[in-house]
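See below for the structure under consideration.
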Amino acid sequence: MPSRKLKPIEIEDLLTYCYPSDLAYSPDGKAIAFTLTRPDADKNAYSRSVWVIRDGKSEQLTHSLDASFVLWKDNDTLIVRRTTADTEAGTTSLFALKLSGGEAQPWLDLPFVMSGLKKIDETSFAATGKIDANDPDAYKDNAETRKQKAEAKQKEADYQVVDEIPYWHNGAGFTNKERNALFLISLKNGVSVKRISAPFQSVSNVTVDGSDLWCTAETHTLKESRMVDVLHVDTKTGKKDVVYGKKDHAFRGLFVRNGELFGHASDMKEYGMNQTPDICRITKNHLEFVMDPHRTLMNHIAGDTMLGSGLQSKVQGSNLYTLATDVDRVNIWKYDADFNKTVLFDHPGAVYFLDVCGDKIAFAYEDAAAPTEIYEMNADGSDVKKLTDLNGKAVEGKYVALPHKLAFTSEGLDLEGWVLLPKDYNPKKKYPAVLDIHGGPRSIYGEIFFHEMQVWASKGYFVFFANIAGSDGRDDAFADIRGRYGEIDYKNVMDFTDAVIAAYPAIDTTKLCVTGGSYGGFMTNWIIGHTDRFCAAASQRSIASWISLTWIADIGPWFDPSECGVPEGDTIFHHYDKLWRASPLKYIEGAKTPTLFIHSDQDYRCPLPEGMQMMQALAYQNVETRMCIFHGENHELSRGGKPLHRIRRIKEITDWFEAHTGGRK
Amino acid sequence: MKNKSFQISDIASFRIPGGMLFSPDGKRLAFFVETPDREKNTIHFSTWLMDDEETKQITYSIDAVPVMWLGSDRLLLKRETGDALPQTAQLFVISTDGGEAKPFCTLPFVLQSMKHLDGNSYVAAGVIDRDDPDAYLDSDDERMRKQKARETDKDYLVIDEMPYAADGTGIVNGKRTALFTVEFEPELKVRRITGPDTVVSEYAVSDGKVLYVCQHRDTPAKIIYTTVHCYDASAKRTKTLYGKKTHRISAPCILNGSFYVQATDMKRYGVKETPDLCRIENGRLQPVFLFDNAAVNTVNGDLRPKGCASYAVSGSDLYILVPVDDHTEILRLDADMHAENLYCESGNVSSIAACGDTVAIITQNWDTPPEIRTMHKDGTGLTKRTCLSAPVTDGRVSAPLKRVDYTSNGVDLHGWVVLPKDYNPKKKYPAILDMHGGPRVTYGEVFSFEKQLFSDRSYFVFYTNVPGSDARGDEFADIRGKFGTVDYDAFMAFTDAVLAAFPAIDNSKLCVMGLSYGGYMSSRIITKTDRFCCASVQAPVVNWITMDFLSDIGSWFSPDQTAADGPFDWKNLWETSPLKYAENVKTPALVLQGVQDYRCPVWEGMQFMQALAVRNVETRMVLFRNGSHNMHYTGLPGDKIRRLQEILSWFDKHTGKEK
């Protein structure tokens, strides 16, 4: 249909998309449960409900009060998490919801804020949750003691004491002396909850096989380490022992297959914190290299239409089914007993999470035409069927710009990007254009429905975006731009811009806009200090100085110096020159591009002073600039921020572009 | 003899006077008293009146501060009853004959100050919004509508200027200080007389003329230069008296029909160069009196009066406070600009007011917190007129203070040592080096609660004025580009001198503390020496580059103090930044930061703390959510108490005191 007959996609359409997460088959594979998150404009919040797919139909099970899916207790019982008026602060209320009917009824109140729950057997569960390392047994407190402690905490509200690093974490606030503890829960004779991990220990990657439990664990009092232990817990006795305690690897995941323990392990020696983990077999104090997958076995796509997550991989029988970020898409692969790989699902777009049961695989997938839906296919990859229609109506009758691939070479690399055509495109007219740069930098762009891009295409802009050096989807060497930020990546971006302009003469080169967030904000800041070719820039949650970033960000000392090429293990203090060379602030004198800054005041990944330094440095030079600070938001604003905040963000950027390309404001 | 010790909580028990206003006939002095309320963790202001008979509090129940006299028997007060429309100021009037304050009128803008102009008209300074400069004319409904719109937008803060905030005030983006003429009779008439881009910093009124110093903010960036203008009430016109952007200008006053300001072109000693007193004639600044030091009180303790004036005009006399060496003196300049020194005592003078033959000053010294004293215009008859601190200090003997002289790099310097309570030379004591901010600020024999408290806790305290400090001329104060060198040498020489003079000090139990420049110094000191067993670093500068564009004064202060060639001279900015040398630190450091500190923002303390923790150096940072840069003297009672608790706990822990 000609696009002039279609309606444009508006900024506020953000309120019409919904997001599935936490996908899981029932034990017998007859039903699929998931959480659905929907924006609520009146409350400026999100509501969550638990859904189930059975007999080919999707059904919302919970109403009235928010609920999210936790796990299947049995084929008839879903465990959901819900907060009611009776839920005490610092506790978690879990409810049992029967498929056979009835509302969710109270099942288990946990005396801590739960981060994960796994079933061991009918009467035992393993949970992880938040504790205060200085008061690790607070979970045993009675109501009176809880109340007293809450009052004391309230009195402390004017002060924040920090005495370790990291002391805050983006999205979690101040986390000083908080740990993620491991608890065993028994429902045999009443309810018993026992903390298994040590007071200053945090656990992750909890994996259950029979009565064995494995996890990774890290202990610190002043400075967190990336290198972790692998622990084993006998859930029958609660006894724990260290399986791998050399503290020379980071682990992205653990899995058990045919009774053997495997891990996604990285020593970070060759490529730093972003190095692709190897799959290793783990035995007592020994890691045996099994294979290098050469790809990130998780979803690493950049987008703005996914909230929440789900399983990135699952073992069934002798097979490991996993997501894989591959060049320009996220696929589903299967590794057999010998780790031979079969590609089960390979389509433009992105798989977000999956589950496997028997001979079926269910997964969430998004293509360029509309936001995410849930699909199912056979375990051999055949017969893919769409199961839900969550977002179809949101884009019905609307102009959705489909991506046109554009290959180009730059700095000896064969690269790819895409171009979205403006609505009602007429090659004889001239159009403004937006260059969008993804974050990471180790993530990818792909052919998914990207709301902000669609808004600009609908407003009559070309939108162009590419996977430049530093992106994910290929091997470690391609992703590794440590020490070369602002060099090869900047040249790739400029070469891509030239290639797009050459391919689409309808683009008005005096009306080029640039935007990006996080690493994309770094690059936007770099761009305005090195070229005046853009008529306007919108720099989001950006980076001004790797020095201030290292010493203020939550991951600062671990990630940022390494990205600047400071050799692993070397002291940061000897390499300030490397941090400063790569800092956009260094080049800001003489910048002319009118620049908008978007920043959240609780962004602890790229903290507020980063965008602020750039903005004030431009104002000092009387360059037109504006900053919009979002109260209470963090680094995830564009994806997970409050609905009205996300709308305001796109409005700020769009108004800025309109004002500087001569469009309507 | 009874000698009670201070409790930490006593810091929040002092009542401090400020805001002195003589009645036109000179018979009465109105002032406010700041009274902390520990229970409610807030600060109250009450209005007081002083005449020949008595000094008494005249307002109660609801806070009120004096704004201006209406004649000599009615006093206008500013008071908030909680039900006023947004962006207005409620004025009340109280009679000296008796009766409670009653509502007078509500001004349609946020009032900062007001003075009598001419006949029945007045001039007021108030806050406007650059984008809506006529909002003061809005109807009540329009006001409420705009307030609602602001509330809907409360999740977003839009800024487009530099600086966007001012320490102690908060966000100032788009805000301007405007001048208004105000008439109350026959009905309220208000007219803005400065433009939407004008920011008035100071003004003086005489004979229907308003002499004011201001800036024009028509660009995103604020500049340091100010210009001088005069509004003539009868002609209803404004003239520019000095419009060239060449000087930093302050302290306007009209004396004997002539216009005076203090001005400096900053060419010899940078931003902090001592200004000259100039007469403005024919568009030129004509120096008529040269000061040795900037005529602003820089001799400070930790109890600081608010609403202070550094100069006052009465008849044909100009009275000016000047810091000299380590105390404040008062100069009286006559019509021929001859100066007479009226006052030279130890301690400081925070504020001065004059009318007829009477001069009122707020003074303090080592033993006595701030009180109001009056004297004759020739300096005789000095009499203490308030007794606000007696309830806290009665029954306590002030800690003994000894002067210590020393030299460093050939310069004669001196400091003081506070002896510990019940000092016994045969015992051993821990000691605290307490450093002032600035650096262009001065220590003296001024009341210091924290030093008295440390003494009560059996610490020696030692403090000094090193090169960089004020009150000894521009040359002595000029350490631009030399931070961490000559100042550091002097602190170390002083420490050596104090240890030599007082063998009772245990040199393995030396603590170092400071805030602002003192925070810079304590962080810098521990990158150069391990002689201190612990440090308290408060609101520091640790990175001159982050200060550049994150501090409200950064873009000019950073390059000025580091002798850098502008805010983009990265090399020079970085050279004297403690963060550059943080690798050398071994000393356990406590970091105290106000989250609402816009002078040395929270990012400074954070950078230092994380740089220490990454090397496993023992560190603890306490963020004060309500704290601004000066929270140790302007802060809420709870914050002042918490700060001292943290410092004492840290020092006690690292000097081995039992808890």
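Chain labels run A, B, ... following the order of the structure tokens; each chain numbers its residues from 1, and ligands are numbered from 1 in the order shown.
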### Query
Which neighbours of range 43-56 of chain B fall inside 10 Å, counting only C-alpha atoms, when residues of the same chain fewer than 3 positions from it are skipped, and could you give them as number ranges by chain?
B: 12, 15-22, 26-38, 40, 59-66, 75, 77-79, 96, 372, 385-387, 634-637
Export of the given selection (C-alpha atoms) as a PDB file, in the first residue's frame:
```pdb
ATOM      1  CA  ALA B  12      23.017  23.205  67.067  1.00  0.00           C
ATOM      2  CA  ARG B  15      21.699  31.592  68.416  1.00  0.00           C
ATOM      3  CA  ILE B  16      23.366  33.885  65.885  1.00  0.00           C
ATOM      4  CA  PRO B  17      22.418  37.513  65.067  1.00  0.00           C
ATOM      5  CA  GLY B  18      22.282  39.004  61.564  1.00  0.00           C
ATOM      6  CA  GLY B  19      20.529  41.355  59.157  1.00  0.00           C
ATOM      7  CA  MET B  20      21.032  44.599  61.113  1.00  0.00           C
ATOM      8  CA  LEU B  21      18.873  47.574  60.063  1.00  0.00           C
ATOM      9  CA  PHE B  22      18.925  50.945  61.795  1.00  0.00           C
ATOM     10  CA  GLY B  26      19.006  55.925  64.405  1.00  0.00           C
ATOM     11  CA  LYS B  27      17.217  55.242  67.700  1.00  0.00           C
ATOM     12  CA  ARG B  28      16.541  51.582  67.054  1.00  0.00           C
ATOM     13  CA  LEU B  29      18.331  48.662  65.510  1.00  0.00           C
ATOM     14  CA  ALA B  30      16.287  45.792  64.084  1.00  0.00           C
ATOM     15  CA  PHE B  31      17.964  42.453  63.489  1.00  0.00           C
ATOM     16  CA  PHE B  32      17.105  38.777  63.233  1.00  0.00           C
ATOM     17  CA  VAL B  33      18.328  35.875  65.323  1.00  0.00           C
ATOM     18  CA  GLU B  34      18.889  32.490  63.749  1.00  0.00           C
ATOM     19  CA  THR B  35      17.912  29.721  66.160  1.00  0.00           C
ATOM     20  CA  PRO B  36      18.457  26.037  65.320  1.00  0.00           C
ATOM     21  CA  ASP B  37      15.724  23.574  66.267  1.00  0.00           C
ATOM     22  CA  ARG B  38      17.185  20.107  66.825  1.00  0.00           C
ATOM     23  CA  LYS B  40      12.370  19.426  64.091  1.00  0.00           C
ATOM     24  CA  THR B  59       8.325  38.005  66.952  1.00  0.00           C
ATOM     25  CA  TYR B  60       7.375  34.500  67.992  1.00  0.00           C
ATOM     26  CA  SER B  61       5.513  31.457  66.663  1.00  0.00           C
ATOM     27  CA  ILE B  62       6.057  32.086  62.941  1.00  0.00           C
ATOM     28  CA  ASP B  63       9.491  32.968  61.545  1.00  0.00           C
ATOM     29  CA  ALA B  64       9.979  36.613  60.526  1.00  0.00           C
ATOM     30  CA  VAL B  65      12.966  38.654  59.344  1.00  0.00           C
ATOM     31  CA  PRO B  66      13.157  42.449  59.052  1.00  0.00           C
ATOM     32  CA  LEU B  75       9.136  47.771  60.700  1.00  0.00           C
ATOM     33  CA  LEU B  77       8.918  41.960  58.045  1.00  0.00           C
ATOM     34  CA  LYS B  78       9.009  39.051  55.646  1.00  0.00           C
ATOM     35  CA  ARG B  79       7.052  36.093  56.991  1.00  0.00           C
ATOM     36  CA  THR B  96       7.438  49.653  67.825  1.00  0.00           C
ATOM     37  CA  ILE B 372      26.151  42.628  68.471  1.00  0.00           C
ATOM     38  CA  ARG B 385      24.403  44.602  73.397  1.00  0.00           C
ATOM     39  CA  THR B 386      23.354  40.950  72.942  1.00  0.00           C
ATOM     40  CA  CYS B 387      23.948  37.865  75.005  1.00  0.00           C
ATOM     41  CA  THR B 634      24.565  26.966  57.036  1.00  0.00           C
ATOM     42  CA  GLY B 635      23.333  23.399  57.260  1.00  0.00           C
ATOM     43  CA  LEU B 636      20.517  21.795  59.167  1.00  0.00           C
ATOM     44  CA  PRO B 637      21.194  20.954  62.819  1.00  0.00           C
TER      45      PRO B 637
END
```
Closest atom pairs, chain B residues within 7 Å of chain A, only C-alpha atoms, as CSV:
```
residue,atom,partner,partner_atom,distance
B:Asp155,CA,A:His631,CA,5.1
B:Tyr156,CA,A:Phe630,CA,4.9
B:Leu157,CA,A:Ile629,CA,5.0
B:Val158,CA,A:Cys628,CA,4.5
B:Ile159,CA,A:Met627,CA,5.2
B:Asp160,CA,A:Arg626,CA,4.5
B:Glu161,CA,A:Ala619,CA,6.0
B:Met162,CA,A:Gln616,CA,5.6
B:Thr219,CA,A:Asn622,CA,6.1
B:Pro220,CA,A:Ala619,CA,5.1
B:Ala221,CA,A:Tyr620,CA,4.7
B:Phe549,CA,A:Gln613,CA,5.1
B:Leu550,CA,A:Gln613,CA,6.2
B:Phe568,CA,A:Glu589,CA,6.8
B:Glu583,CA,A:Phe573,CA,6.2
B:Met606,CA,A:Ile552,CA,6.1
B:Gln607,CA,A:Trp551,CA,4.6
B:Gln610,CA,A:Trp551,CA,5.5
B:Ala611,CA,A:Trp551,CA,6.2
B:Ala613,CA,A:Ile165,CA,6.5
B:Val614,CA,A:Lys223,CA,6.5
B:Asn616,CA,A:Leu222,CA,6.6
B:Thr619,CA,A:Asp163,CA,6.0
B:Arg620,CA,A:Asp163,CA,4.4
B:Met621,CA,A:Val162,CA,5.2
B:Val622,CA,A:Val161,CA,4.5
B:Leu623,CA,A:Gln160,CA,5.0
B:Phe624,CA,A:Tyr159,CA,4.9
B:Arg625,CA,A:Asp158,CA,5.2
B:Asn626,CA,A:Asp158,CA,6.7
```
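When only C-alpha atoms are used to measure the gap to Ala337 in chain A, the shortest distance among A:Ala499, A:Ala362, A:Cys215, A:Val290 belongs to A:Val290.
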### Task
Could you give me, as a count of residues only, the residues within 10 Å of Ile647 in chain A, counting only C-alpha atoms and dropping anything in the same chain fewer than 2 positions from it?
17
### Message
Write out as a VMD selection string the set of residues from range 486-630 of chain B that DSSP, computed on the backbone, places in alpha helix (DSSP H).
### Response
chain B and resid 486 to 501 517 to 528 544 to 550 554 to 561 570 to 575 602 to 613
### Contacts of Met306 in chain A within 9 Å, only C-alpha atoms, excl. fewer than 2 positions in-chain, as a ChimeraX atom specification
/A:18-21,303-304,308-309,352,371-372,639-640
### Query
CA of Ser389 in chain B and CA of Pro369 in chain B are how many Å apart?
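Taking CA of Ser389 in chain B as the start and CA of Pro369 in chain B as the end point, the length is 6.5 Å.
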#### Entry: Surrounding residues of Asp548 in chain B excluding itself and chain neighbours under 6 positions, 6 Å, only C-alpha atoms, as an NGL selection string
:B and (554-555 or 558)
Let me see the file: selected residues, C-alpha atoms, as a short mmCIF file (atom, residue, chain, number, x, y, z; two decimals), in the first residue's frame.
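Result written to part.cif:
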```cif
data_model
loop_
_atom_site.label_atom_id
_atom_site.label_comp_id
_atom_site.auth_asym_id
_atom_site.auth_seq_id
_atom_site.Cartn_x
_atom_site.Cartn_y
_atom_site.Cartn_z
CA GLY B 554 34.42 26.30 37.75
CA SER B 555 34.97 27.82 34.34
CA SER B 558 39.67 26.38 37.84
#
```
### Message
Ranking B:Ile280, B:Ala477, B:Ala309, B:Leu241 by minimum distance to Glu202 in chain B and counting only C-alpha atoms, which one comes first?
### Response
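Ranked by minimum distance to Glu202 in chain B, first place goes to B:Ala309.
Going from CA of Asp489 in chain A to CA of Glu447 in chain A covers 21.2 Å.
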### Task
Excluding Ser408 in chain B and residues on its chain fewer than 2 positions from it, collect all residues at most 6 Å away from it, counting only C-alpha atoms, and give them as an NGL selection string.
:B and (410-411 or 490)
Would you save the residues from that selection as a CSV table (one decimal), in the first residue's frame, using C-alpha atoms?
```csv
chain,number,residue,atom,x,y,z
B,410,GLY,CA,61.6,32.6,53.7
B,411,VAL,CA,58.2,33.9,54.7
B,490,ALA,CA,54.2,25.8,55.0
```
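The smallest atom-to-atom distance between Ile361 in chain A and any of A:Ala537, A:Ala469, A:Ile374, A:Ala379, using only C-alpha atoms, is found for A:Ala379.
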### Query
DSSP says strand (DSSP E) for which residues of range 267-404 of chain B? Put them as an MDAnalysis selection string?
chainID B and resid 276:281 284:290 311:314 317:324 327:333 339:344 348:355 358:364 371:376 383:384 401:404
For the residues in the current selection, export C-alpha atoms as a compact mmCIF listing (two decimals), in the first residue's frame.
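Below is the file that was written, out14.txt:
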```
# COMPACT_ATOMS: atom_id res chain seq x y z
CA ASP B 276 40.29 49.55 44.48
CA LEU B 277 37.65 51.91 45.77
CA CYS B 278 36.74 53.95 42.69
CA ARG B 279 34.62 56.97 42.02
CA ILE B 280 32.71 56.79 38.75
CA GLU B 281 33.14 59.95 36.72
CA ARG B 284 35.58 56.11 33.99
CA LEU B 285 36.58 54.28 37.14
CA GLN B 286 38.76 56.65 39.16
CA PRO B 287 40.63 54.92 42.01
CA VAL B 288 40.34 57.01 45.18
CA PHE B 289 41.43 54.58 47.86
CA LEU B 290 43.62 51.53 47.60
CA TYR B 311 30.35 48.37 54.41
CA ALA B 312 27.90 51.03 55.51
CA VAL B 313 27.20 54.67 54.66
CA SER B 314 26.03 57.20 57.25
CA ASP B 317 31.08 58.73 56.16
CA LEU B 318 31.84 55.37 54.61
CA TYR B 319 32.63 52.54 57.01
CA ILE B 320 34.40 49.51 55.57
CA LEU B 321 35.45 46.19 57.13
CA VAL B 322 38.96 45.16 56.11
CA PRO B 323 40.79 41.97 57.01
CA VAL B 324 44.30 42.62 58.33
CA HIS B 327 41.67 39.89 62.36
CA THR B 328 39.18 42.43 61.03
CA GLU B 329 39.58 46.19 61.30
CA ILE B 330 37.11 48.96 60.58
CA LEU B 331 38.08 51.93 58.41
CA ARG B 332 36.04 55.09 58.35
CA LEU B 333 36.56 57.12 55.18
CA ALA B 339 40.82 56.74 56.44
CA GLU B 340 40.68 56.39 60.19
CA ASN B 341 41.00 53.04 61.92
CA LEU B 342 38.17 52.65 64.42
CA TYR B 343 38.63 49.12 65.61
CA CYS B 344 41.46 46.66 65.95
CA ASN B 348 36.53 39.23 63.43
CA VAL B 349 33.79 41.66 62.52
CA SER B 350 31.16 39.97 60.31
CA SER B 351 28.81 42.85 59.61
CA ILE B 352 28.50 46.60 60.05
CA ALA B 353 25.58 49.04 60.12
CA ALA B 354 25.71 52.77 60.78
CA CYS B 355 23.27 55.61 61.36
CA THR B 358 26.16 55.12 66.04
CA VAL B 359 27.80 52.11 64.53
CA ALA B 360 26.61 48.54 65.15
CA ILE B 361 28.85 45.58 64.47
CA ILE B 362 28.65 41.80 64.89
CA THR B 363 31.91 40.56 66.38
CA GLN B 364 33.36 37.37 67.77
CA GLU B 371 27.21 39.09 69.37
CA ILE B 372 26.15 42.63 68.47
CA ARG B 373 28.16 45.52 69.87
CA THR B 374 27.60 49.21 69.32
CA MET B 375 30.06 52.08 69.44
CA HIS B 376 30.31 55.78 68.72
CA THR B 383 29.43 48.00 74.29
CA LYS B 384 28.16 44.45 74.01
CA LEU B 401 45.15 29.23 72.76
CA LYS B 402 48.87 29.66 72.09
CA ARG B 403 50.45 31.42 69.14
CA VAL B 404 53.29 29.72 67.24
```
### Query
Which distance in Å separates CA of His629 in chain B and CA of Leu413 in chain B, to one decimal?
28.2 Å
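You can rank A:Asp480, A:Asp475, A:Asp532, A:Glu103 by their closest distance to Thr62 in chain A using only C-alpha atoms, and at the top of that list sits A:Glu103.
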